[in-house]
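Asker: This structure is in structure tokens; I'll ask about it shortly.
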Amino acid sequence: MNIYVGNLSYNLTEADFKDLFEQFGEVVSAKMIKDRETGRSRGFGFVEMSAKEDGKNAIEQLHGKEFQGRTLVVNEAREKEQNSGGFNRDNRRDNNRERSYR
């Protein structure tokens, strides 16, 4: 089960992040998201737990709880949306208007 964790302390270490979830079961991976330029934490991360029941228990126990001075946001991660990585003409505000290019 993949879990989103938000409102993390910027001082949290990767080891502490993983340890927080290991008390609920086997953690397959724990990754804090960092800024590409500064390398500093962006305040959120993702945890993958091997058993769905352990993941649900972790969400129930940790969502809304204070950890290192911050109130955690913990819920099941949504699947990453597919996008083309570029400008999508279908999402323009005026996509219903016809244009004349003469």
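Every chain in the structure tokens has a letter given in the order shown (A, B, ...), and although residue numbers restart at 1 in each chain, ligands are simply numbered from 1 in the order shown.
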Within 12 Å of Glu79 (chain A), counting only C-alpha atoms, which residues show up once you throw out same-chain ones fewer than 2 positions away? Write them as a PDB file with all heavy atoms, in the first residue's frame, please.
Answerer:
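Dumped to selection08.pdb:
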ATOM      1  N   MET A   1       0.844  -1.172   0.000  1.00  0.00           N
ATOM      2  CA  MET A   1       0.000   0.000   0.000  1.00  0.00           C
ATOM      3  C   MET A   1       0.891   1.237   0.000  1.00  0.00           C
ATOM      4  O   MET A   1       1.844   1.324   0.762  1.00  0.00           O
ATOM      5  CB  MET A   1      -0.898  -0.008   1.235  1.00  0.00           C
ATOM      6  CG  MET A   1      -1.581   1.317   1.480  1.00  0.00           C
ATOM      7  SD  MET A   1      -2.640   1.297   2.917  1.00  0.00           S
ATOM      8  CE  MET A   1      -4.158   1.717   2.131  1.00  0.00           C
ATOM      9  N   ASN A   2       0.568   2.199  -0.865  1.00  0.00           N
ATOM     10  CA  ASN A   2       1.311   3.447  -0.942  1.00  0.00           C
ATOM     11  C   ASN A   2       0.600   4.514  -0.126  1.00  0.00           C
ATOM     12  O   ASN A   2      -0.616   4.683  -0.237  1.00  0.00           O
ATOM     13  CB  ASN A   2       1.444   3.914  -2.391  1.00  0.00           C
ATOM     14  CG  ASN A   2       2.386   3.028  -3.168  1.00  0.00           C
ATOM     15  OD1 ASN A   2       3.435   2.636  -2.666  1.00  0.00           O
ATOM     16  ND2 ASN A   2       2.023   2.705  -4.377  1.00  0.00           N
ATOM     17  N   ILE A   3       1.369   5.231   0.661  1.00  0.00           N
ATOM     18  CA  ILE A   3       0.823   6.226   1.584  1.00  0.00           C
ATOM     19  C   ILE A   3       1.489   7.578   1.340  1.00  0.00           C
ATOM     20  O   ILE A   3       2.714   7.660   1.208  1.00  0.00           O
ATOM     21  CB  ILE A   3       1.073   5.789   3.045  1.00  0.00           C
ATOM     22  CG1 ILE A   3       0.419   4.429   3.299  1.00  0.00           C
ATOM     23  CG2 ILE A   3       0.562   6.832   4.024  1.00  0.00           C
ATOM     24  CD1 ILE A   3       0.831   3.805   4.622  1.00  0.00           C
ATOM     25  N   TYR A   4       0.658   8.618   1.279  1.00  0.00           N
ATOM     26  CA  TYR A   4       1.145   9.996   1.193  1.00  0.00           C
ATOM     27  C   TYR A   4       1.243  10.544   2.615  1.00  0.00           C
ATOM     28  O   TYR A   4       0.343  10.345   3.427  1.00  0.00           O
ATOM     29  CB  TYR A   4       0.169  10.852   0.379  1.00  0.00           C
ATOM     30  CG  TYR A   4       0.415  12.329   0.550  1.00  0.00           C
ATOM     31  CD1 TYR A   4       1.387  12.980  -0.194  1.00  0.00           C
ATOM     32  CD2 TYR A   4      -0.316  13.076   1.474  1.00  0.00           C
ATOM     33  CE1 TYR A   4       1.633  14.328  -0.019  1.00  0.00           C
ATOM     34  CE2 TYR A   4      -0.086  14.432   1.646  1.00  0.00           C
ATOM     35  CZ  TYR A   4       0.882  15.049   0.905  1.00  0.00           C
ATOM     36  OH  TYR A   4       1.128  16.386   1.076  1.00  0.00           O
ATOM     37  N   PHE A  46       6.461   9.791   0.674  1.00  0.00           N
ATOM     38  CA  PHE A  46       5.642   8.619   0.380  1.00  0.00           C
ATOM     39  C   PHE A  46       6.240   7.403   1.061  1.00  0.00           C
ATOM     40  O   PHE A  46       7.454   7.245   1.115  1.00  0.00           O
ATOM     41  CB  PHE A  46       5.575   8.383  -1.128  1.00  0.00           C
ATOM     42  CG  PHE A  46       4.894   9.499  -1.859  1.00  0.00           C
ATOM     43  CD1 PHE A  46       5.628  10.554  -2.370  1.00  0.00           C
ATOM     44  CD2 PHE A  46       3.521   9.513  -2.000  1.00  0.00           C
ATOM     45  CE1 PHE A  46       5.006  11.605  -3.032  1.00  0.00           C
ATOM     46  CE2 PHE A  46       2.885  10.554  -2.656  1.00  0.00           C
ATOM     47  CZ  PHE A  46       3.621  11.601  -3.171  1.00  0.00           C
ATOM     48  N   GLU A  76      -4.009   7.480   1.938  1.00  0.00           N
ATOM     49  CA  GLU A  76      -3.591   6.606   0.844  1.00  0.00           C
ATOM     50  C   GLU A  76      -3.206   7.461  -0.354  1.00  0.00           C
ATOM     51  O   GLU A  76      -3.920   8.395  -0.721  1.00  0.00           O
ATOM     52  CB  GLU A  76      -4.714   5.642   0.472  1.00  0.00           C
ATOM     53  CG  GLU A  76      -4.272   4.568  -0.491  1.00  0.00           C
ATOM     54  CD  GLU A  76      -5.281   3.449  -0.650  1.00  0.00           C
ATOM     55  OE1 GLU A  76      -6.268   3.405   0.091  1.00  0.00           O
ATOM     56  OE2 GLU A  76      -5.059   2.605  -1.541  1.00  0.00           O
ATOM     57  N   ALA A  77      -2.067   7.151  -0.934  1.00  0.00           N
ATOM     58  CA  ALA A  77      -1.580   7.919  -2.085  1.00  0.00           C
ATOM     59  C   ALA A  77      -2.431   7.622  -3.303  1.00  0.00           C
ATOM     60  O   ALA A  77      -2.844   6.487  -3.524  1.00  0.00           O
ATOM     61  CB  ALA A  77      -0.118   7.576  -2.364  1.00  0.00           C
ATOM     62  N   GLU A  81      -1.065  10.852 -12.062  1.00  0.00           N
ATOM     63  CA  GLU A  81      -1.797  11.065 -13.304  1.00  0.00           C
ATOM     64  C   GLU A  81      -0.836  11.111 -14.483  1.00  0.00           C
ATOM     65  O   GLU A  81       0.252  11.643 -14.381  1.00  0.00           O
ATOM     66  CB  GLU A  81      -2.573  12.377 -13.239  1.00  0.00           C
ATOM     67  CG  GLU A  81      -3.689  12.350 -12.234  1.00  0.00           C
ATOM     68  CD  GLU A  81      -4.459  13.649 -12.190  1.00  0.00           C
ATOM     69  OE1 GLU A  81      -4.271  14.494 -13.091  1.00  0.00           O
ATOM     70  OE2 GLU A  81      -5.236  13.813 -11.254  1.00  0.00           O
ATOM     71  N   GLN A  82      -1.287  10.551 -15.589  1.00  0.00           N
ATOM     72  CA  GLN A  82      -0.483  10.591 -16.802  1.00  0.00           C
ATOM     73  C   GLN A  82      -0.635  11.960 -17.445  1.00  0.00           C
ATOM     74  O   GLN A  82      -1.724  12.492 -17.541  1.00  0.00           O
ATOM     75  CB  GLN A  82      -0.964   9.531 -17.790  1.00  0.00           C
ATOM     76  CG  GLN A  82      -0.811   8.127 -17.281  1.00  0.00           C
ATOM     77  CD  GLN A  82       0.635   7.670 -17.272  1.00  0.00           C
ATOM     78  OE1 GLN A  82       1.516   8.315 -17.827  1.00  0.00           O
ATOM     79  NE2 GLN A  82       0.892   6.557 -16.633  1.00  0.00           N
TER      80      GLN A  82
END
Asker: Skipping near chain neighbours, those fewer than 5 positions away, what residues fall within 12 Å of region 29-45 of chain A using only C-alpha atoms, listed as JSON, numbers by chain?
Answerer: {"A": [1, 2, 3, 4, 5, 6, 7, 8, 9, 10, 11, 12, 13, 14, 15, 16, 17, 18, 19, 20, 21, 22, 50, 70, 71, 72, 73, 74, 75, 76, 77]}
Asker: What's the separation between CA of Gly69 (chain A) and CA of Ala51 (chain A), in Å to one decimal place?
Answerer: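 Interatomic distance, CA of Gly69 (chain A) to CA of Ala51 (chain A): 28.4 Å.
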Asker: How many Å lie between CA of Val47 (chain A) and CA of Val28 (chain A), rounded to one decimal?
Answerer: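 Atom-to-atom, CA of Val47 (chain A) and CA of Val28 (chain A) are spaced 7.6 Å apart.
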Asker: Please compute the CA of Ala58 (chain A)-CA of Glu26 (chain A) distance, one decimal, in Å.
Answerer: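 Separation of CA of Ala58 (chain A) and CA of Glu26 (chain A): 11.1 Å.
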